[in-house]
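So this one's final.cif, mmCIF, C-alpha atoms:
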```
data_input
#
loop_
_atom_site.label_atom_id
_atom_site.label_comp_id
_atom_site.auth_asym_id
_atom_site.auth_seq_id
_atom_site.Cartn_x
_atom_site.Cartn_y
_atom_site.Cartn_z
CA MET I 1 9.37 19.09 42.56
CA SER I 2 10.41 15.76 44.01
CA ASP I 3 11.70 12.97 41.77
CA LYS I 4 8.71 10.85 42.63
CA GLN I 5 6.28 13.41 41.33
CA GLU I 6 8.29 13.90 38.23
CA GLN I 7 8.10 10.17 37.62
CA GLN I 8 4.34 10.17 38.12
CA ILE I 9 3.89 12.84 35.53
CA ASP I 10 6.13 11.02 33.10
CA GLN I 11 4.30 7.77 33.61
CA SER I 12 0.89 9.24 33.00
CA ARG I 13 2.21 10.91 29.89
CA ARG I 14 3.70 7.69 28.64
CA GLY I 15 0.41 5.93 29.39
CA PHE I 16 -1.46 8.48 27.35
CA ILE I 17 0.94 8.18 24.45
CA SER I 18 0.81 4.38 24.38
CA LYS I 19 -2.98 4.43 24.53
CA SER I 20 -3.20 6.81 21.64
CA THR I 21 -0.73 4.65 19.69
CA ALA I 22 -2.82 1.57 20.38
CA ALA I 23 -5.88 3.37 19.10
CA ALA I 24 -4.00 4.10 15.92
CA ALA I 25 -2.78 0.54 15.56
CA ILE I 26 -5.29 -0.22 12.85
CA SER I 27 -5.32 2.80 10.64
CA VAL I 28 -5.80 3.52 7.00
CA ILE I 29 -2.61 5.13 5.79
CA ALA I 30 -3.60 5.54 2.17
CA PRO I 31 -6.62 4.54 0.09
CA GLY I 32 -6.69 0.76 -0.11
CA ILE I 33 -3.87 0.24 2.35
CA THR I 34 -4.46 -0.59 5.96
CA LEU I 35 -1.70 -0.81 8.51
CA HIS I 36 -2.51 -3.59 10.94
CA GLN I 37 0.72 -4.17 12.72
CA VAL I 38 2.45 -1.88 15.16
CA ALA I 39 5.76 -3.18 16.46
CA GLN I 40 6.21 -3.44 20.20
CA ALA I 41 8.13 -0.41 21.36
CA LYS I 42 11.01 -1.13 23.70
CA PRO I 43 11.25 1.11 26.78
CA VAL I 44 13.70 3.95 26.04
CA ASP I 45 15.96 3.02 28.96
CA GLU I 46 16.38 -0.59 27.91
CA ALA I 47 19.22 -1.85 25.72
CA VAL I 48 18.49 -3.52 22.41
CA THR I 49 18.70 -7.32 22.42
CA SER I 50 19.76 -10.03 20.03
CA LYS I 51 16.29 -11.55 20.31
CA VAL I 52 15.36 -9.49 17.28
CA ARG I 53 17.10 -9.03 13.98
CA TRP I 54 15.82 -6.21 11.87
CA GLY I 55 15.65 -6.71 8.15
CA MET I 56 13.91 -5.66 4.99
CA LEU I 57 12.41 -7.50 2.07
CA ILE I 58 12.18 -5.71 -1.25
CA ASP I 59 9.78 -6.99 -3.86
CA THR I 60 11.21 -5.83 -7.19
CA ASN I 61 7.99 -6.74 -9.00
CA LYS I 62 6.19 -4.08 -6.97
CA CYS I 63 9.00 -1.52 -7.24
CA ALA I 64 7.93 0.99 -9.89
CA ASP I 65 10.39 2.05 -12.55
CA GLY I 66 11.17 5.75 -12.19
CA CYS I 67 9.69 6.04 -8.69
CA THR I 68 12.12 7.56 -6.20
CA ALA I 69 9.83 7.86 -3.17
CA CYS I 70 12.16 5.73 -1.01
CA THR I 71 15.33 7.64 -1.82
CA THR I 72 13.63 11.01 -1.34
CA ALA I 73 12.12 9.93 1.97
CA CYS I 74 15.53 8.72 3.18
CA GLN I 75 17.12 12.04 2.24
CA THR I 76 14.46 14.04 4.04
CA GLU I 77 14.47 11.81 7.11
CA ASN I 78 18.22 11.59 7.53
CA GLY I 79 19.28 14.97 6.18
CA TRP I 80 21.47 14.10 3.21
CA GLY I 81 21.13 14.87 -0.52
CA SER I 82 17.98 16.89 -1.11
CA GLY I 83 17.22 16.71 2.61
CA SER I 84 20.09 19.02 3.43
CA THR I 85 21.72 22.17 2.11
CA ASP I 86 25.19 20.68 2.66
CA GLU I 87 27.71 19.05 0.31
CA GLN I 88 27.55 21.85 -2.25
CA ASN I 89 31.29 21.64 -2.94
CA SER I 90 31.39 17.89 -3.51
CA SER I 91 31.03 16.38 -6.95
CA PRO I 92 28.10 14.01 -7.59
CA GLU I 93 30.45 11.03 -7.25
CA GLN I 94 31.60 12.31 -3.87
CA GLN I 95 28.17 13.15 -2.46
CA ALA I 96 26.60 10.77 0.01
CA GLN I 97 24.21 8.10 -1.20
CA TRP I 98 22.62 6.05 1.54
CA ILE I 99 20.13 4.48 -0.83
CA ARG I 100 19.94 4.52 -4.63
CA LYS I 101 17.58 3.23 -7.26
CA VAL I 102 19.20 0.70 -9.59
CA THR I 103 17.80 -0.73 -12.82
CA LEU I 104 18.86 -4.22 -13.79
CA LYS I 105 18.53 -5.46 -17.34
CA ASN I 106 18.68 -9.04 -18.46
CA LYS I 107 20.61 -8.74 -21.72
CA SER I 108 19.27 -11.95 -23.25
CA THR I 109 15.58 -11.36 -22.56
CA GLY I 110 15.58 -7.57 -22.28
CA SER I 111 13.54 -7.67 -19.07
CA THR I 112 14.28 -4.90 -16.60
CA HIS I 113 13.95 -4.67 -12.84
CA SER I 114 14.03 -1.57 -10.74
CA LEU I 115 15.13 -1.83 -7.14
CA PRO I 116 16.54 0.21 -4.27
CA MET I 117 20.06 -0.65 -3.09
CA MET I 118 21.42 0.28 0.30
CA CYS I 119 23.46 -1.20 3.15
CA GLN I 120 22.41 -4.84 3.30
CA HIS I 121 23.01 -5.06 7.08
CA CYS I 122 24.96 -8.31 6.82
CA GLU I 123 25.20 -10.75 9.67
CA GLU I 124 28.91 -11.07 8.80
CA PRO I 125 29.67 -7.54 7.63
CA PRO I 126 32.98 -7.15 5.75
CA CYS I 127 33.05 -3.46 6.74
CA VAL I 128 33.21 -4.47 10.40
CA ASP I 129 35.92 -7.06 9.69
CA VAL I 130 38.26 -4.56 8.08
CA CYS I 131 37.69 -1.49 10.24
CA PRO I 132 41.01 -0.69 11.97
CA THR I 133 39.48 1.32 14.83
CA GLY I 134 36.30 -0.60 15.57
CA ALA I 135 34.15 2.27 14.36
CA SER I 136 32.22 0.00 12.00
CA PHE I 137 30.06 -2.19 14.15
CA LYS I 138 26.95 -4.30 14.18
CA ARG I 139 24.37 -3.68 16.86
CA VAL I 140 23.08 -6.80 18.56
CA ASP I 141 19.77 -6.40 16.75
CA GLY I 142 21.56 -6.69 13.41
CA ILE I 143 21.79 -3.04 12.36
CA VAL I 144 25.23 -2.15 10.96
CA LEU I 145 26.39 1.34 11.89
CA VAL I 146 29.45 3.61 11.98
CA ASP I 147 30.50 5.09 15.30
CA LYS I 148 31.66 8.42 13.92
CA HIS I 149 33.29 9.32 17.23
CA ILE I 150 36.06 6.83 16.45
CA CYS I 151 35.92 6.70 12.64
CA ILE I 152 39.21 8.01 11.24
CA GLY I 153 37.95 8.22 7.67
CA CYS I 154 40.34 5.63 6.21
CA ARG I 155 37.57 4.35 3.91
CA TYR I 156 38.73 0.75 4.16
CA CYS I 157 35.09 -0.25 4.78
CA MET I 158 34.07 1.40 1.53
CA MET I 159 36.54 -0.80 -0.30
CA ALA I 160 35.41 -3.92 1.52
CA CYS I 161 31.66 -3.47 1.02
CA PRO I 162 30.46 -5.56 -1.95
CA TYR I 163 27.34 -3.38 -2.25
CA LYS I 164 29.07 0.02 -2.51
CA ALA I 165 26.76 1.09 0.29
CA ARG I 166 29.00 3.55 2.09
CA SER I 167 29.84 7.19 1.48
CA PHE I 168 32.59 9.43 2.74
CA ILE I 169 31.95 13.05 3.67
CA HIS I 170 34.44 15.34 2.01
CA GLU I 171 33.48 18.73 3.43
CA ALA I 172 32.29 20.44 6.58
CA LEU I 173 28.55 20.13 7.14
CA SER I 174 26.15 22.30 9.09
CA ASP I 175 22.63 21.21 8.19
CA GLN I 176 22.34 17.80 9.82
CA ALA I 177 19.13 16.24 11.11
CA PRO I 178 19.26 16.15 14.95
CA HIS I 179 18.82 12.37 15.14
CA SER I 180 21.26 11.68 12.33
CA PRO I 181 24.72 13.13 13.04
CA ARG I 182 27.08 13.21 10.06
CA GLY I 183 30.28 15.09 9.44
CA LYS I 184 33.45 15.68 7.47
CA GLY I 185 36.05 12.95 7.45
CA THR I 186 33.75 10.12 8.45
CA VAL I 187 32.02 7.32 6.56
CA GLU I 188 28.28 6.82 6.64
CA SER I 189 25.55 4.62 5.24
CA CYS I 190 21.96 3.48 5.71
CA THR I 191 21.20 3.16 9.42
CA MET I 192 17.96 1.25 8.82
CA CYS I 193 16.40 4.34 10.43
CA VAL I 194 17.78 3.22 13.77
CA HIS I 195 16.24 6.25 15.51
CA LYS I 196 12.81 5.23 14.26
CA VAL I 197 13.39 1.60 15.19
CA ASP I 198 14.42 2.58 18.73
CA ARG I 199 11.35 4.78 18.97
CA GLY I 200 9.18 1.79 18.13
CA ASP I 201 7.89 3.15 14.82
CA GLY I 202 8.20 -0.36 13.40
CA THR I 203 9.15 0.92 9.98
CA THR I 204 11.79 2.84 8.07
CA ALA I 205 11.43 6.06 6.09
CA CYS I 206 11.83 4.20 2.78
CA ALA I 207 9.29 1.48 3.62
CA GLU I 208 6.85 4.10 4.87
CA ALA I 209 7.20 6.19 1.70
CA CYS I 210 6.85 3.14 -0.54
CA ALA I 211 3.62 2.15 1.22
CA LYS I 212 2.32 5.71 0.96
CA GLU I 213 2.88 5.58 -2.80
CA GLY I 214 0.77 2.44 -2.82
CA HIS I 215 3.57 0.11 -3.99
CA ARG I 216 4.35 -1.64 -0.73
CA ALA I 217 7.54 -3.04 -2.27
CA ILE I 218 9.52 -2.74 1.00
CA ILE I 219 8.62 -4.75 4.08
CA PHE I 220 10.49 -3.94 7.28
CA GLY I 221 10.42 -6.30 10.23
CA ASP I 222 11.97 -8.76 12.65
CA LEU I 223 13.60 -11.70 10.89
CA LYS I 224 13.69 -13.68 14.12
CA ASP I 225 9.97 -13.38 14.80
CA PRO I 226 8.24 -16.21 12.89
CA ASP I 227 4.94 -14.33 13.01
CA SER I 228 6.22 -11.09 11.49
CA GLU I 229 5.05 -10.18 7.99
CA ILE I 230 8.61 -10.29 6.70
CA SER I 231 9.29 -13.78 8.11
CA LYS I 232 6.03 -15.13 6.73
CA THR I 233 6.71 -13.70 3.29
CA LEU I 234 10.26 -15.06 3.34
CA LYS I 235 8.92 -18.47 4.32
CA SER I 236 6.32 -18.71 1.59
CA ASN I 237 8.23 -17.13 -1.29
CA SER I 238 11.47 -17.57 -3.13
CA THR I 239 13.77 -14.69 -2.24
CA THR I 240 17.36 -13.76 -3.00
CA GLN I 241 20.31 -12.28 -1.19
CA ILE I 242 22.44 -10.19 -3.49
CA ARG I 243 25.88 -11.80 -3.75
CA ALA I 244 24.66 -14.77 -1.71
CA ASP I 245 27.92 -16.49 -2.73
CA LEU I 246 29.76 -14.34 -0.19
CA ASN I 247 27.85 -15.97 2.70
CA LEU I 248 27.26 -12.67 4.44
CA ASN I 249 23.65 -13.51 5.38
CA THR I 250 22.26 -10.12 4.50
CA GLY I 251 19.45 -8.51 6.45
CA VAL I 252 18.03 -7.01 3.26
CA ARG I 253 16.48 -9.57 0.93
CA TYR I 254 15.05 -9.25 -2.57
CA ARG I 255 12.18 -10.92 -4.35
CA GLY I 256 11.68 -11.09 -8.08
CA ILE I 257 15.29 -10.88 -9.30
CA MET B 1 34.07 13.70 43.08
CA PHE B 2 35.19 16.82 44.93
CA SER B 3 33.68 20.17 44.31
CA THR B 4 35.62 23.38 44.13
CA PRO B 5 34.45 25.58 46.99
CA SER B 6 34.54 28.72 44.90
CA PHE B 7 32.16 27.13 42.38
CA ALA B 8 29.35 26.33 44.78
CA GLY B 9 26.98 29.23 45.29
CA ASP B 10 29.13 31.51 43.21
CA THR B 11 28.14 30.31 39.76
CA GLN B 12 26.59 33.56 38.60
CA SER B 13 29.79 35.55 38.79
CA ILE B 14 32.02 33.17 36.82
CA GLY B 15 32.29 33.13 33.05
CA PRO B 16 30.35 34.97 30.40
CA GLU B 17 26.74 35.98 30.77
CA LEU B 18 24.69 33.28 29.10
CA LYS B 19 21.60 33.69 26.99
CA ILE B 20 19.26 31.16 28.55
CA ASN B 21 15.78 30.51 27.27
CA ARG B 22 13.55 30.07 30.32
CA ALA B 23 10.45 29.11 28.34
CA ASN B 24 11.13 25.41 28.86
CA GLY B 25 11.51 25.79 32.62
CA ASP B 26 14.41 27.31 34.48
CA LYS B 27 16.03 24.14 35.74
CA CYS B 28 18.61 22.04 33.94
CA VAL B 29 18.84 18.27 34.46
CA GLU B 30 21.47 18.82 37.17
CA PRO B 31 22.39 21.82 39.34
CA THR B 32 24.30 24.52 37.49
CA ASP B 33 27.66 23.89 39.17
CA VAL B 34 27.45 20.17 38.34
CA MET B 35 26.53 20.88 34.72
CA ARG B 36 29.37 23.37 34.36
CA LYS B 37 31.92 20.87 35.54
CA ASP B 38 30.58 17.55 34.27
CA HIS B 39 28.33 18.07 31.24
CA MET B 40 30.91 16.48 28.98
CA GLU B 41 31.04 13.37 31.17
CA PHE B 42 27.26 12.99 31.00
CA LEU B 43 27.30 13.39 27.24
CA LEU B 44 30.17 10.97 26.74
CA HIS B 45 28.44 8.30 28.82
CA GLN B 46 25.11 8.81 27.07
CA ARG B 47 26.63 8.77 23.60
CA ASP B 48 27.92 5.20 23.87
CA GLU B 49 24.74 3.92 25.44
CA THR B 50 22.72 5.43 22.62
CA MET B 51 25.07 4.40 19.86
CA TYR B 52 25.60 0.77 20.85
CA ASP B 53 22.57 -0.13 22.96
CA GLY B 54 19.89 2.12 21.51
CA ILE B 55 19.18 3.62 24.94
CA ARG B 56 17.58 6.95 24.16
CA THR B 57 16.68 8.40 27.53
CA LYS B 58 16.25 12.14 27.35
CA LYS B 59 18.00 13.28 30.50
CA TYR B 60 21.56 13.56 29.17
CA SER B 61 20.72 13.53 25.48
CA LEU B 62 22.58 16.12 23.41
CA ASN B 63 19.43 16.67 21.33
CA GLU B 64 17.55 17.60 24.48
CA CYS B 65 20.29 20.09 25.43
CA ILE B 66 19.87 21.73 22.04
CA GLU B 67 16.07 21.72 22.26
CA CYS B 68 16.31 23.89 25.36
CA HIS B 69 19.44 25.90 24.76
CA ALA B 70 19.05 26.96 21.12
CA ASN B 71 17.65 30.48 20.99
CA LYS B 72 15.56 32.03 18.27
CA ASP B 73 16.22 35.26 16.40
CA GLU B 74 13.62 38.01 15.86
CA LYS B 75 12.17 36.14 12.89
CA GLY B 76 11.61 33.02 14.98
CA LYS B 77 14.44 31.07 13.33
CA TYR B 78 16.76 29.05 15.51
CA ILE B 79 20.31 30.33 15.97
CA PRO B 80 22.99 27.60 16.07
CA VAL B 81 24.34 27.01 19.59
CA THR B 82 27.81 27.38 18.07
CA ALA B 83 27.19 30.94 16.88
CA GLU B 84 29.12 33.64 18.70
CA GLY B 85 27.49 34.59 21.97
CA GLU B 86 25.17 31.58 22.00
CA PHE B 87 24.90 29.13 24.88
CA CYS B 88 27.55 26.53 24.03
CA GLN B 89 29.91 28.79 22.16
CA SER B 90 30.14 31.67 24.64
CA CYS B 91 31.39 29.45 27.47
CA HIS B 92 33.72 27.45 25.25
CA THR B 93 35.22 30.66 23.91
CA TYR B 94 35.66 31.91 27.48
CA ALA B 95 37.29 28.65 28.59
CA SER B 96 39.24 28.36 25.34
CA VAL B 97 38.05 24.80 24.74
CA LYS B 98 37.40 23.52 21.23
CA LEU B 99 33.81 22.45 20.65
CA ASP B 100 33.91 19.23 18.63
CA CYS B 101 30.38 17.86 19.03
CA PHE B 102 28.92 20.03 16.32
CA GLU B 103 31.16 18.96 13.50
CA CYS B 104 28.66 16.12 13.20
CA HIS B 105 25.72 16.94 15.50
CA ALA B 106 22.97 19.39 14.62
CA THR B 107 23.40 22.81 16.22
CA LYS B 108 19.71 23.61 16.31
CA PRO B 109 16.41 21.76 16.53
CA ARG B 110 14.78 20.95 13.23
CA GLN B 111 11.94 23.31 12.58
CA VAL B 112 8.79 21.53 11.48
CA SER B 113 7.31 22.80 8.29
CA PHE B 114 4.07 21.39 6.98
CA HIS B 115 4.39 22.74 3.48
CA PRO B 116 6.55 25.28 1.62
CA ILE B 117 3.87 27.83 2.48
CA VAL B 118 3.71 27.76 6.25
CA ASN B 119 2.01 30.71 7.84
CA GLU B 120 2.79 32.06 11.29
CA LYS B 121 -0.25 30.46 12.85
CA MET B 122 0.86 27.01 11.69
CA GLN B 123 4.39 27.65 12.88
CA SER B 124 3.24 28.76 16.31
CA PHE B 125 1.04 25.68 16.49
CA ALA B 126 4.07 23.56 15.65
CA ASP B 127 6.18 25.37 18.22
CA VAL B 128 3.70 24.62 20.98
CA HIS B 129 2.43 21.18 20.08
CA MET B 130 5.16 19.48 18.14
CA ARG B 131 7.99 20.27 20.49
CA LYS B 132 9.42 17.32 22.36
CA SER B 133 8.96 18.87 25.80
CA SER B 134 5.41 19.96 26.26
CA THR B 135 4.82 23.42 27.67
CA LEU B 136 1.66 22.19 29.32
CA LEU B 137 3.49 19.47 31.24
CA ASN B 138 6.14 21.93 32.32
CA ASP B 139 3.41 24.25 33.55
CA ILE B 140 1.83 21.46 35.57
CA ALA B 141 5.21 20.48 36.96
CA ASN B 142 5.96 24.08 37.92
CA ALA B 143 2.55 24.54 39.51
CA ARG B 144 3.05 21.43 41.62
CA LYS B 145 6.47 22.59 42.59
CA ALA B 146 5.01 25.91 43.72
CA ASP B 147 2.31 24.11 45.72
CA ASN B 148 4.91 21.95 47.41
CA GLY B 149 6.89 25.01 48.28
CA HIS B 150 3.90 26.52 50.10
CA ALA B 151 3.05 23.33 51.96
CA GLN B 152 6.49 22.99 53.48
#
```
Using structure tokens, write down the structure from this file.
Amino acid sequence: MSDKQEQQIDQSRRGFISKSTAAAAISVIAPGITLHQVAQAKPVDEAVTSKVRWGMLIDTNKCADGCTACTTACQTENGWGSGSTDEQNSSPEQQAQWIRKVTLKNKSTGSTHSLPMMCQHCEEPPCVDVCPTGASFKRVDGIVLVDKHICIGCRYCMMACPYKARSFIHEALSDQAPHSPRGKGTVESCTMCVHKVDRGDGTTACAEACAKEGHRAIIFGDLKDPDSEISKTLKSNSTTQIRADLNLNTGVRYRGI
Amino acid sequence: MFSTPSFAGDTQSIGPELKINRANGDKCVEPTDVMRKDHMEFLLHQRDETMYDGIRTKKYSLNECIECHANKDEKGKYIPVTAEGEFCQSCHTYASVKLDCFECHATKPRQVSFHPIVNEKMQSFADVHMRKSSTLLNDIANARKADNGHAQ
């Protein structure tokens, strides 16, 4: 088959897929919840640009105490914790935690808040500053990642991160998810579901799971797009960056704490 | 890039006999002699583009290699490509080259399961319809290729 024909087939297939996605753009994902917005998918052969900055907004008032839908979804999606049969020889303190549920208690009033904590995808990430090999890096669209090909496992980034967001893998692994490589001797953390973002899903596993549960406490979106749901909510509400005093300009923001 | 004369046209007689699954078509993304010599270059180039720029074209994607080259056992479960005698491992053992990719990368495609109780019918449905490369499209492509062959 000539290249031209191959291209034609691919194009028609892509056309079909995009049409069927468009048809699903307004879809009911759970009783009472309607998904209106589908992010524009970038062509697979195009590089990401700094015209977007991906971020998340977490509304702690909507985050249910005791609910772990986000952490479970992350584990299943990215193949760590319960989503993998690996790390059997590591102690709980050693095992990877890309996202964890945290409960905050105000000692004077006794009020409690439940919220998910993960990599905050800083604009000025301390992990990138300290990395001796350049393995810790920030993609131009704001997602902070580890290039495990050049990570030497020194764990300096783990010390530098104010959010305790990174984990080190202590043992050989064999049950990774194909889109989420992870292995012994390297550091890892939340990737903001970069494979889903690149695919144009317009959401992350945690945000998706939270919406499915009916809480909708996590909004994922483009911080640079003034018309995105996340930007609009940030504009009209008072929100917080955790450890805002460090001037890291985090990509993950919180509401209600 | 020069090519070793003994490689061209003589690829079948060199190295171990490989278990190749022809169900996804019998052509790799490049001719066999090119793949034998340069697959690592393609993967290295693709890895940085994917990692830093989010370019996820399928042609030289390691995941796509695995999709095609991971074989299944009698029970329909995928065998890791790093298992003895499997596609990646057999050649690397023959050439005595350490295979580093799979210390981090998955050695087999993820099998889709709908529910803890997945019957064979569901699994076969998943195998046909939820695979990244569609059998139907490959069939069409192969049919066209055959037609072209006759026309010329």
Legend entry - Result set, the PyMOL selection byres ((chain B and resi 60-71) around 9) on current file, as an MDAnalysis selection string: (chainID I and resid 178:179) or (chainID B and resid 19:25 28:29 39 42:43 45:47 50 56:59 72:73 76:81 86:88 105:109 131:133)
Dump as JSON lines the rows for residues of region 132-208 of chain I within 8 Å of region 55-76 of chain I: closest atom pair and distance in Å with one decimal, only C-alpha atoms counted, ordered by chain and rising residue number.
```
{"residue": "I:Gly142", "atom": "CA", "partner": "I:Gly55", "partner_atom": "CA", "distance": 7.9}
{"residue": "I:Ala205", "atom": "CA", "partner": "I:Cys74", "partner_atom": "CA", "distance": 5.7}
{"residue": "I:Cys206", "atom": "CA", "partner": "I:Cys70", "partner_atom": "CA", "distance": 4.1}
{"residue": "I:Ala207", "atom": "CA", "partner": "I:Cys70", "partner_atom": "CA", "distance": 6.9}
```
Legend entry - Selection result of the PyMOL selection byres ((chain I and resi 149-161) around 7) on this file, as a list of chain:residue names: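 Applying the PyMOL selection byres ((chain I and resi 149-161) around 7) to the structure shown produces I:Pro126, I:Cys127, I:Val130, I:Cys131, I:Thr133, I:Ala135, I:Asp147, I:Lys148, I:Pro162, I:Tyr163, I:Lys164, I:Ala165, I:Arg166, I:Gly185, I:Thr186, I:Val187.
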Inset, instruction - Name all residues at most 9 Å from region 189-203 of chain I (count only C-alpha atoms; drop same-chain ones fewer than 2 positions away) and give them as a ChimeraX atom specification. - result: /I:37-44,48,54-56,74,77-78,96-99,118-121,143-146,165-168,179-180,187,205-208,219-221 /B:54-56
Could you make a table, as a tab-separated table, of the residues of chain I that have an atom within 6 Å of an atom of chain B, each with its nearest atom pair and distance in Å to one decimal, counting only C-alpha atoms, in chain and number order?
```
residue	atom	partner	partner_atom	distance
I:Met1	CA	B:Lys145	CA	4.5
I:Val44	CA	B:Arg56	CA	5.3
I:Asp45	CA	B:Ile55	CA	5.2
I:Glu46	CA	B:Ile55	CA	5.9
I:Ala47	CA	B:Asp53	CA	4.7
I:Val48	CA	B:Asp53	CA	5.3
I:Gln176	CA	B:Ala106	CA	5.1
I:Pro178	CA	B:Ala106	CA	4.9
I:Pro181	CA	B:His105	CA	4.6
I:Arg182	CA	B:Cys104	CA	4.6
I:Gly183	CA	B:Cys104	CA	4.2
```
Export, as a short mmCIF file (atom, residue, chain, number, x, y, z; two decimals), in the coordinates of the input, the selected residues with C-alpha atoms.
```cif
data_model
loop_
_atom_site.label_atom_id
_atom_site.label_comp_id
_atom_site.auth_asym_id
_atom_site.auth_seq_id
_atom_site.Cartn_x
_atom_site.Cartn_y
_atom_site.Cartn_z
CA MET I 1 9.37 19.09 42.56
CA VAL I 44 13.70 3.95 26.04
CA ASP I 45 15.96 3.02 28.96
CA GLU I 46 16.38 -0.59 27.91
CA ALA I 47 19.22 -1.85 25.72
CA VAL I 48 18.49 -3.52 22.41
CA GLN I 176 22.34 17.80 9.82
CA PRO I 178 19.26 16.15 14.95
CA PRO I 181 24.72 13.13 13.04
CA ARG I 182 27.08 13.21 10.06
CA GLY I 183 30.28 15.09 9.44
#
```
Inset, instruction - Quote the spacing between CA of Gly81 (chain I) and CA of Glu93 (chain I) in Å to one decimal place. - result: 12.1 Å
Leaving out Gln241 (chain I) and any residue of its chain fewer than 6 positions from it, which residues lie within 8 Å of it when counting only C-alpha atoms, given as a PDB file with C-alpha atoms, keeping the file's coordinate frame?
```pdb
ATOM      1  CA  ASN I 249      23.650 -13.510   5.380  1.00  0.00           C
ATOM      2  CA  THR I 250      22.260 -10.120   4.500  1.00  0.00           C
ATOM      3  CA  VAL I 252      18.030  -7.010   3.260  1.00  0.00           C
ATOM      4  CA  ARG I 253      16.480  -9.570   0.930  1.00  0.00           C
ATOM      5  CA  TYR I 254      15.050  -9.250  -2.570  1.00  0.00           C
TER       6      TYR I 254
END
```
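Straight-line separation from CA of Cys91 (chain B) to CA of Glu17 (chain B): 8.7 Å.
Straight-line separation from CA of Arg100 (chain I) to CA of Ser50 (chain I): 28.6 Å.
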Inset, instruction - Can you work out which one of I:Thr240, I:Ile169, I:Gln94, I:Asp141 has the shortest atom-to-atom distance to Leu223 (chain I), counting only C-alpha atoms? - result: I:Asp141
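When you apply the PyMOL selection byres ((chain I and resi 247) around 10) to this structure, what comes back is Cys122, Glu123, Glu124, Pro125, Gln241, Arg243, Ala244, Asp245, Leu246, Leu248, Asn249 and Thr250 of chain I.
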